[in-house]
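Structure file model_26.tsv; described as TSV, C-alpha atoms.
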chain	number	residue	atom	x	y	z
A	1	MET	CA	-0.90	-19.70	7.96
A	2	SER	CA	2.19	-17.53	7.56
A	3	THR	CA	1.72	-13.93	6.44
A	4	GLN	CA	5.13	-13.88	4.74
A	5	VAL	CA	6.16	-14.91	1.23
A	6	GLU	CA	9.41	-16.24	-0.15
A	7	ILE	CA	10.65	-15.57	-3.67
A	8	LYS	CA	11.34	-18.61	-5.84
A	9	ASP	CA	14.33	-18.12	-8.16
A	10	GLU	CA	15.10	-14.79	-6.53
A	11	SER	CA	17.76	-13.88	-9.09
A	12	SER	CA	15.21	-13.86	-11.94
A	13	PHE	CA	12.71	-11.90	-9.85
A	14	LYS	CA	15.21	-9.26	-8.74
A	15	GLY	CA	16.79	-9.07	-12.19
A	16	ALA	CA	13.45	-8.23	-13.79
A	17	MET	CA	12.69	-5.70	-11.05
A	18	LEU	CA	16.05	-3.98	-11.55
A	19	ASP	CA	15.54	-3.88	-15.32
A	20	VAL	CA	12.20	-2.09	-14.91
A	21	ARG	CA	13.74	0.48	-12.58
A	22	SER	CA	16.94	1.03	-14.58
A	23	ASP	CA	17.38	3.98	-16.94
A	24	GLU	CA	19.73	1.78	-18.97
A	25	SER	CA	17.14	-0.90	-19.72
A	26	SER	CA	14.23	-0.82	-22.18
A	27	THR	CA	12.23	-3.24	-19.98
A	28	ASN	CA	9.23	-1.31	-18.64
A	29	TRP	CA	7.10	-3.97	-16.95
A	30	MET	CA	7.40	-7.17	-14.98
A	31	LEU	CA	4.87	-9.60	-13.59
A	32	ALA	CA	4.94	-12.12	-10.73
A	33	GLY	CA	2.50	-14.71	-9.46
A	34	HIS	CA	2.15	-17.50	-6.94
A	35	TRP	CA	4.12	-20.65	-7.58
A	36	ALA	CA	1.91	-23.75	-7.96
A	37	GLY	CA	-0.95	-22.00	-6.17
A	38	ASN	CA	1.08	-21.62	-2.97
A	39	PRO	CA	0.13	-18.39	-1.12
A	40	ASN	CA	3.56	-18.22	0.51
A	41	VAL	CA	5.71	-18.58	-2.63
A	42	VAL	CA	5.94	-15.93	-5.35
A	43	HIS	CA	7.89	-16.27	-8.60
A	44	TYR	CA	8.79	-14.21	-11.65
A	45	VAL	CA	6.32	-14.75	-14.52
A	46	ALA	CA	7.15	-12.38	-17.35
A	47	SER	CA	8.56	-9.00	-18.37
A	48	GLY	CA	8.83	-6.95	-21.53
A	49	VAL	CA	9.33	-3.66	-23.31
A	50	GLY	CA	5.77	-3.18	-24.58
A	51	GLY	CA	4.41	-1.39	-21.52
A	52	ALA	CA	0.96	-1.85	-20.03
A	53	THR	CA	-0.55	-3.13	-23.28
A	54	GLU	CA	1.86	-6.04	-23.39
A	55	MET	CA	1.59	-6.75	-19.66
A	56	ILE	CA	-2.20	-7.03	-19.86
A	57	GLU	CA	-1.85	-9.98	-22.24
A	58	ALA	CA	-0.01	-11.93	-19.53
A	59	LEU	CA	-2.65	-11.42	-16.83
A	60	GLN	CA	-4.92	-14.36	-15.98
A	61	ASP	CA	-8.50	-14.10	-14.73
A	62	THR	CA	-8.03	-17.17	-12.52
A	63	GLU	CA	-4.96	-15.85	-10.70
A	64	VAL	CA	-3.76	-13.30	-8.17
A	65	MET	CA	-0.75	-11.56	-9.69
A	66	TYR	CA	1.56	-8.63	-9.01
A	67	GLY	CA	3.17	-6.23	-11.46
A	68	LEU	CA	5.44	-3.21	-11.71
A	69	VAL	CA	5.11	-0.82	-14.64
A	70	ARG	CA	7.44	2.02	-15.55
A	71	ILE	CA	5.67	5.02	-17.10
A	72	GLU	CA	6.95	8.37	-18.32
A	73	GLU	CA	4.69	11.16	-17.12
A	74	LEU	CA	4.73	14.47	-18.99
A	75	VAL	CA	4.66	17.57	-16.82
A	76	ASP	CA	5.19	21.31	-17.24
A	77	SER	CA	3.18	21.75	-20.44
A	78	TYR	CA	4.22	18.32	-21.70
A	79	VAL	CA	7.86	19.30	-22.03
A	80	GLU	CA	9.52	17.58	-19.07
A	81	LYS	CA	9.33	13.81	-18.61
A	82	THR	CA	9.29	12.19	-15.17
A	83	VAL	CA	9.63	8.46	-14.58
A	84	LYS	CA	6.88	6.95	-12.43
A	85	PHE	CA	6.40	3.42	-11.13
A	86	VAL	CA	2.98	1.81	-10.72
A	87	TYR	CA	2.49	-1.30	-8.58
A	88	ILE	CA	-0.32	-3.56	-9.78
A	89	HIS	CA	-2.22	-5.90	-7.45
A	90	TRP	CA	-4.21	-8.04	-9.88
A	91	ILE	CA	-7.11	-10.13	-8.56
A	92	GLY	CA	-8.68	-12.03	-11.45
A	93	GLU	CA	-12.46	-11.90	-11.65
A	94	THR	CA	-12.83	-15.69	-11.43
A	95	VAL	CA	-10.51	-16.19	-8.45
A	96	PRO	CA	-12.51	-18.17	-5.85
A	97	PHE	CA	-13.45	-16.34	-2.68
A	98	THR	CA	-11.48	-18.72	-0.44
A	99	LYS	CA	-8.40	-18.18	-2.56
A	100	LYS	CA	-8.78	-14.41	-2.31
A	101	GLY	CA	-8.81	-14.72	1.47
A	102	LYS	CA	-5.68	-16.91	1.62
A	103	PHE	CA	-3.74	-14.72	-0.79
A	104	GLY	CA	-4.98	-11.49	0.80
A	105	VAL	CA	-3.31	-12.43	4.09
A	106	VAL	CA	0.16	-12.37	2.47
A	107	HIS	CA	-0.31	-9.30	0.29
A	108	GLY	CA	1.44	-6.99	2.74
A	109	SER	CA	4.58	-9.10	2.45
A	110	VAL	CA	4.36	-9.26	-1.35
A	111	GLN	CA	3.88	-5.52	-1.64
A	112	GLN	CA	7.13	-4.82	0.18
A	113	HIS	CA	9.07	-6.49	-2.65
A	114	PHE	CA	7.56	-4.09	-5.20
A	115	GLN	CA	8.13	-0.83	-3.35
A	116	PRO	CA	8.84	2.00	-3.78
A	117	SER	CA	6.12	2.97	-6.22
A	118	HIS	CA	4.27	6.20	-6.93
A	119	CYS	CA	0.84	4.60	-6.75
A	120	ILE	CA	-0.82	1.23	-6.24
A	121	ILE	CA	-3.70	-0.05	-8.34
A	122	GLU	CA	-5.75	-2.99	-7.10
A	123	THR	CA	-8.05	-4.34	-9.79
A	124	GLY	CA	-9.34	-7.28	-11.78
A	125	GLN	CA	-10.30	-5.21	-14.83
A	126	THR	CA	-7.83	-4.79	-17.69
A	127	THR	CA	-9.54	-1.50	-18.57
A	128	ASP	CA	-8.05	-0.08	-15.36
A	129	LEU	CA	-4.56	-0.96	-16.57
A	130	THR	CA	-4.32	0.78	-19.92
A	131	GLU	CA	-1.58	3.38	-20.08
A	132	GLU	CA	-4.24	6.10	-20.32
A	133	ALA	CA	-6.00	4.86	-17.17
A	134	MET	CA	-2.76	4.61	-15.21
A	135	MET	CA	-1.63	8.05	-16.35
A	136	LYS	CA	-4.92	9.44	-15.05
A	137	VAL	CA	-4.32	7.83	-11.65
A	138	LEU	CA	-0.76	9.16	-11.55
A	139	SER	CA	-1.93	12.67	-12.45
A	140	GLU	CA	-4.60	12.60	-9.75
A	141	ASN	CA	-2.12	11.22	-7.25
A	142	SER	CA	0.44	13.92	-7.97
A	143	GLY	CA	-2.14	16.72	-7.83
A	144	ARG	CA	-2.07	17.70	-11.51
A	145	THR	CA	-5.77	17.06	-12.07
A	146	ASN	CA	-8.79	18.09	-10.08
A	147	LYS	CA	-10.51	15.54	-7.88
A	148	VAL	CA	-13.83	16.07	-6.18
A	149	LEU	CA	-13.38	15.40	-2.46
A	150	GLU	CA	-15.35	16.10	0.61
A	151	ALA	CA	-14.32	19.46	2.02
A	152	SER	CA	-12.57	17.94	5.03
A	153	ALA	CA	-10.58	15.51	2.90
A	154	ALA	CA	-9.62	18.24	0.46
A	155	ALA	CA	-8.43	20.47	3.27
A	156	GLN	CA	-6.34	17.67	4.74
A	157	ARG	CA	-4.68	16.95	1.41
A	158	GLN	CA	-3.82	20.60	0.81
A	159	ASP	CA	-2.55	21.21	4.31
A	160	ARG	CA	-0.54	18.00	4.48
A	161	GLY	CA	1.14	17.99	1.10
A	162	PHE	CA	-0.64	15.03	-0.49
A	163	THR	CA	0.29	16.18	-3.99
A	164	SER	CA	3.37	13.94	-3.84
A	165	SER	CA	1.73	11.04	-2.11
A	166	SER	CA	1.86	7.34	-2.89
A	167	ASN	CA	-1.67	6.31	-2.00
A	168	VAL	CA	-3.28	2.98	-2.68
A	169	ILE	CA	-5.75	3.29	-5.54
A	170	LYS	CA	-8.49	0.68	-5.75
A	171	THR	CA	-10.46	0.86	-8.94
A	172	GLY	CA	-13.57	-0.17	-10.78
A	173	LYS	CA	-15.41	-3.46	-10.51
A	174	ALA	CA	-12.36	-5.22	-9.14
A	175	GLN	CA	-12.56	-3.45	-5.81
A	176	ILE	CA	-16.24	-4.35	-5.54
A	177	GLY	CA	-15.67	-7.87	-6.79
A	178	PHE	CA	-12.87	-8.54	-4.32
A	179	GLN	CA	-14.13	-6.86	-1.22
A	180	ALA	CA	-17.91	-6.90	-1.30
A	181	PRO	CA	-18.52	-10.66	-0.96
A	182	GLY	CA	-16.22	-11.02	2.02
A	183	ALA	CA	-16.09	-7.50	3.38
A	184	VAL	CA	-17.32	-7.31	6.94
A	185	ALA	CA	-18.10	-4.06	8.70
A	186	VAL	CA	-16.14	-3.54	11.87
A	187	ASN	CA	-17.06	-0.95	14.48
A	188	ILE	CA	-14.41	1.67	15.09
A	189	ASP	CA	-14.83	3.44	18.40
A	190	GLY	CA	-15.22	7.21	18.37
A	191	SER	CA	-12.08	7.58	20.46
A	192	VAL	CA	-10.09	6.18	17.53
A	193	THR	CA	-11.54	8.56	14.95
A	194	GLU	CA	-10.99	11.47	17.34
A	195	ALA	CA	-7.37	10.45	17.82
A	196	ILE	CA	-6.90	10.21	14.03
A	197	ALA	CA	-8.25	13.75	13.72
A	198	ASP	CA	-5.79	14.88	16.40
A	199	VAL	CA	-2.87	13.35	14.47
A	200	ARG	CA	-3.93	15.19	11.32
A	201	SER	CA	-4.56	18.51	13.06
A	202	ASP	CA	-2.04	21.35	13.13
A	203	GLU	CA	-3.62	22.49	16.38
A	204	THR	CA	-2.49	19.56	18.53
A	205	PRO	CA	0.95	18.10	19.32
A	206	VAL	CA	-0.37	14.55	18.88
A	207	ASN	CA	1.60	12.79	16.12
A	208	TRP	CA	0.53	9.18	16.51
A	209	CYS	CA	-2.37	6.99	17.51
A	210	VAL	CA	-2.95	3.24	17.69
A	211	GLY	CA	-6.21	1.31	17.57
A	212	SER	CA	-6.63	-2.40	18.27
A	213	TYR	CA	-9.44	-4.89	18.78
A	214	GLU	CA	-11.07	-4.81	22.19
A	215	GLU	CA	-9.82	-7.78	24.26
A	216	LYS	CA	-7.76	-8.81	21.21
A	217	ASN	CA	-10.95	-10.20	19.69
A	218	PRO	CA	-11.53	-9.39	15.98
A	219	LYS	CA	-15.28	-9.77	16.51
A	220	LYS	CA	-15.24	-6.76	18.84
A	221	PRO	CA	-14.77	-3.04	18.03
A	222	ILE	CA	-11.46	-1.36	17.34
A	223	VAL	CA	-10.73	0.83	20.34
A	224	LEU	CA	-8.02	3.34	21.13
A	225	SER	CA	-4.85	1.73	22.51
A	226	GLY	CA	-3.01	5.01	22.85
A	227	LYS	CA	-1.94	8.30	21.34
A	228	GLY	CA	0.88	10.72	22.00
A	229	ALA	CA	3.41	13.24	20.80
A	230	ASP	CA	6.57	11.11	20.94
A	231	GLY	CA	6.35	9.56	17.48
A	232	LEU	CA	7.32	6.00	16.67
A	233	LYS	CA	8.81	5.57	20.15
A	234	GLY	CA	5.32	5.81	21.61
A	235	ILE	CA	3.81	3.34	19.16
A	236	LEU	CA	6.22	0.42	19.53
A	237	PRO	CA	5.36	-0.63	23.13
A	238	LEU	CA	1.72	-1.13	22.06
A	239	LEU	CA	2.61	-3.57	19.28
A	240	GLU	CA	2.57	-6.89	21.11
A	241	SER	CA	3.25	-10.20	19.37
A	242	ASP	CA	-0.33	-11.46	19.82
A	243	VAL	CA	-2.05	-8.23	18.80
A	244	VAL	CA	-3.51	-6.85	15.58
A	245	ALA	CA	-3.23	-3.07	15.60
A	246	TYR	CA	-3.56	-0.11	13.26
A	247	ALA	CA	-1.48	3.04	13.67
A	248	LEU	CA	-1.30	6.47	12.07
A	249	LEU	CA	2.01	8.31	12.39
A	250	ARG	CA	2.76	11.90	11.39
A	251	VAL	CA	6.34	12.65	10.35
A	252	MET	CA	8.19	15.57	8.81
A	253	ASP	CA	9.94	15.20	5.45
A	254	VAL	CA	12.51	17.93	4.84
A	255	VAL	CA	13.30	18.70	1.19
A	256	ASP	CA	15.44	21.68	0.20
A	257	GLU	CA	15.06	23.06	3.74
A	258	ILE	CA	11.27	22.94	3.41
A	259	SER	CA	9.41	20.76	5.90
A	260	THR	CA	6.35	18.85	4.71
A	261	VAL	CA	3.99	16.80	6.85
A	262	LYS	CA	3.59	13.17	5.80
A	263	PHE	CA	1.36	10.42	7.17
A	264	VAL	CA	2.28	6.77	7.58
A	265	PHE	CA	-0.38	4.09	8.05
A	266	ILE	CA	0.85	0.94	9.80
A	267	THR	CA	-0.96	-2.39	9.89
A	268	TRP	CA	0.53	-4.55	12.63
A	269	VAL	CA	-0.14	-8.29	12.77
A	270	GLY	CA	2.03	-9.78	15.51
A	271	GLU	CA	3.87	-13.03	14.84
A	272	SER	CA	1.79	-14.88	17.47
A	273	VAL	CA	-1.61	-13.85	16.07
A	274	LYS	CA	-3.72	-16.93	15.31
A	275	PRO	CA	-4.36	-17.89	11.66
A	276	MET	CA	-8.14	-17.64	12.11
A	277	THR	CA	-7.73	-14.10	13.43
A	278	LYS	CA	-5.60	-13.19	10.42
A	279	GLY	CA	-8.31	-14.47	8.12
A	280	LYS	CA	-11.00	-12.57	10.00
A	281	ILE	CA	-9.20	-9.21	9.92
A	282	SER	CA	-8.58	-9.49	6.18
A	283	THR	CA	-12.32	-8.85	5.75
A	284	HIS	CA	-12.00	-5.60	7.73
A	285	LYS	CA	-9.37	-4.09	5.44
A	286	SER	CA	-11.69	-1.78	3.50
A	287	THR	CA	-13.35	-0.30	6.59
A	288	VAL	CA	-10.08	0.21	8.44
A	289	GLU	CA	-8.36	1.88	5.50
A	290	LYS	CA	-11.25	4.31	5.07
A	291	ALA	CA	-10.79	5.38	8.69
A	292	PHE	CA	-7.00	5.76	8.62
A	293	HIS	CA	-6.44	6.97	5.07
A	294	PRO	CA	-5.31	8.98	3.21
A	295	ALA	CA	-1.66	8.24	3.93
A	296	HIS	CA	1.52	8.79	1.97
A	297	VAL	CA	2.95	5.41	2.90
A	298	THR	CA	1.35	2.13	4.01
A	299	ILE	CA	3.46	-0.36	5.97
A	300	TYR	CA	2.53	-3.93	6.86
A	301	ALA	CA	4.60	-5.21	9.80
A	302	THR	CA	4.78	-8.41	11.82
A	303	SER	CA	7.88	-7.76	13.93
A	304	LEU	CA	9.36	-4.69	15.56
A	305	GLY	CA	12.37	-5.12	13.31
A	306	ASP	CA	10.15	-4.02	10.42
A	307	LEU	CA	9.66	-0.63	12.05
A	308	SER	CA	12.56	1.76	12.48
A	309	GLU	CA	12.60	5.52	12.05
A	310	GLU	CA	15.27	5.18	9.36
A	311	ASP	CA	13.28	2.68	7.30
A	312	ILE	CA	10.04	4.63	7.67
A	313	MET	CA	11.64	7.89	6.55
A	314	SER	CA	13.27	6.10	3.63
A	315	LYS	CA	9.83	4.87	2.50
A	316	VAL	CA	8.37	8.35	2.96
A	317	GLN	CA	11.12	9.92	0.86
A	318	ASN	CA	10.75	7.26	-1.82
A	319	ALA	CA	7.00	7.86	-1.99
A	320	SER	CA	7.32	11.64	-2.15
A	321	GLY	CA	10.09	11.65	-4.75
A	322	SER	CA	12.60	13.36	-2.45
A	323	LYS	CA	14.81	10.28	-2.77
A	324	SER	CA	15.94	8.61	-5.99
A	325	HIS	CA	13.76	5.69	-7.09
A	326	VAL	CA	16.31	4.26	-9.50
A	327	MET	CA	18.00	1.17	-8.10
Representation of the structure as structure tokens:
Amino acid sequence: MSTQVEIKDESSFKGAMLDVRSDESSTNWMLAGHWAGNPNVVHYVASGVGGATEMIEALQDTEVMYGLVRIEELVDSYVEKTVKFVYIHWIGETVPFTKKGKFGVVHGSVQQHFQPSHCIIETGQTTDLTEEAMMKVLSENSGRTNKVLEASAAAQRQDRGFTSSSNVIKTGKAQIGFQAPGAVAVNIDGSVTEAIADVRSDETPVNWCVGSYEEKNPKKPIVLSGKGADGLKGILPLLESDVVAYALLRVMDVVDEISTVKFVFITWVGESVKPMTKGKISTHKSTVEKAFHPAHVTIYATSLGDLSEEDIMSKVQNASGSKSHVM
């Protein structure tokens, strides 16, 4: 099964997307879904000017859907307004488990069409998608509200500038409903977690690490493939066409002559990886993300052409707000 999607009636899809992002349009949400139940074909479903409340009415419990919502966030004592974009990954509560698996394999490709966004919400509960709920997520994501974290996680976020991050937010019952039935624990070797700590540390020059399945077998542990201090250049040789790999890359984003550390999480599924392997690794997603996150940007790649320093930095700048989000 292909991990890529094509857009049916691309002009309608892109037109709705541009309207949501444009300052000249009153459209503030758009929704897409799978055409005729085909995991590899996505089409435009609806859009409107009524915000999250209106969008919720178009969501279906039996479907996997994708949305983009434009929200105005009030900052600086509620005087200044800032436009924020929220990407919605909707997984209806009654979607069959087998369907979740098939559609989960292509989500990385779908997500690319909806980026950049300031946060991602994966849910099957409409209560997670009220404007109030999304504003809370945006505030937490931008660092304007307190969040209780483990000390180590809190220290990492403060040291690494996570206040302008674009993290994936998985919420409420939907996360449990989607992942728990099919989620499978995967062992991650200690060498991988140590390498991740090295990438995040200011005390080491290491700025990347890659983990992959031992003997390319998704039933075996994720072991360290390599780490180094030469950035993306060091990662690329380890991303073979028949390999599934996970990488963490540290980069520097310079804004107004101030350098800020950013982290990029890369999921690599080579073009020659077998369909059964793709299905198997989709059940490892939760465990792997816990090990490699938090990250400012998440990239799903299947070919080396998807990974260039220019594209990665563009995504980082979009996520941090140091580059205009208006298309």
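When atom CA of Ile88 of chain A is paired with atom CA of Glu122 of chain A, their separation reads 6.1 Å.
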Quick one: residues within 12 Å of Gly50 of chain A, all atoms listed in the file counted, chain neighbours fewer than 2 positions away excluded, as a PyMOL selection string? chain A and resi 20+26-30+46-48+52-58+69-71+130-131
Fewer than 2 positions away in the same chain doesn't count, so skip those; otherwise give me all residues within 10 Å of Val288 of chain A, counting all atoms listed in the file, as JSON, numbers by chain. {"A": [185, 186, 187, 188, 211, 222, 246, 267, 281, 283, 284, 285, 286, 290, 291, 292, 293]}
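Among the candidates A:Trp90, A:Phe97, A:Trp208, A:Phe103, the residue lying nearest to Thr126 of chain A is A:Trp90 (atoms considered: all atoms listed in the file).
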Neighbour list for segment 299-309 of chain A as a PyMOL selection string, cut-off 8 Å, all atoms listed in the file, skip fewer than 2 positions in-chain: chain A and resi 108-109+232+236+239+241+264-271+297+311-313
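Separating atom CA of Lys99 of chain A from atom CA of Glu215 of chain A is a distance of 28.8 Å.
For the pair atom CA of Ala197 of chain A and atom CA of Val86 of chain A, the separation is 29.4 Å.
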Could you work out an axis-aligned box for segment 22-27 of chain A, taking every atom the file lists and adding 3 Å on each side, and report centre and edge lengths in Å to one decimal, as lines of an AutoDock Vina configuration file?
center_x = 16.0
center_y = 0.4
center_z = -18.4
size_x = 13.5
size_y = 13.2
size_z = 13.6
I'd like to know which of A:Val64, A:His113, A:Phe85, A:Lys100 is closest to Lys14 of chain A, using only C-alpha atoms. A:His113
For Glu72 of chain A, work out the shell of residues within 12 Å, counting all atoms listed in the file and skipping chain neighbours fewer than 5 positions away, then give it as a ChimeraX atom specification. /A:21,23,28,51-52,78-86,118,131-132,134-135,138-139
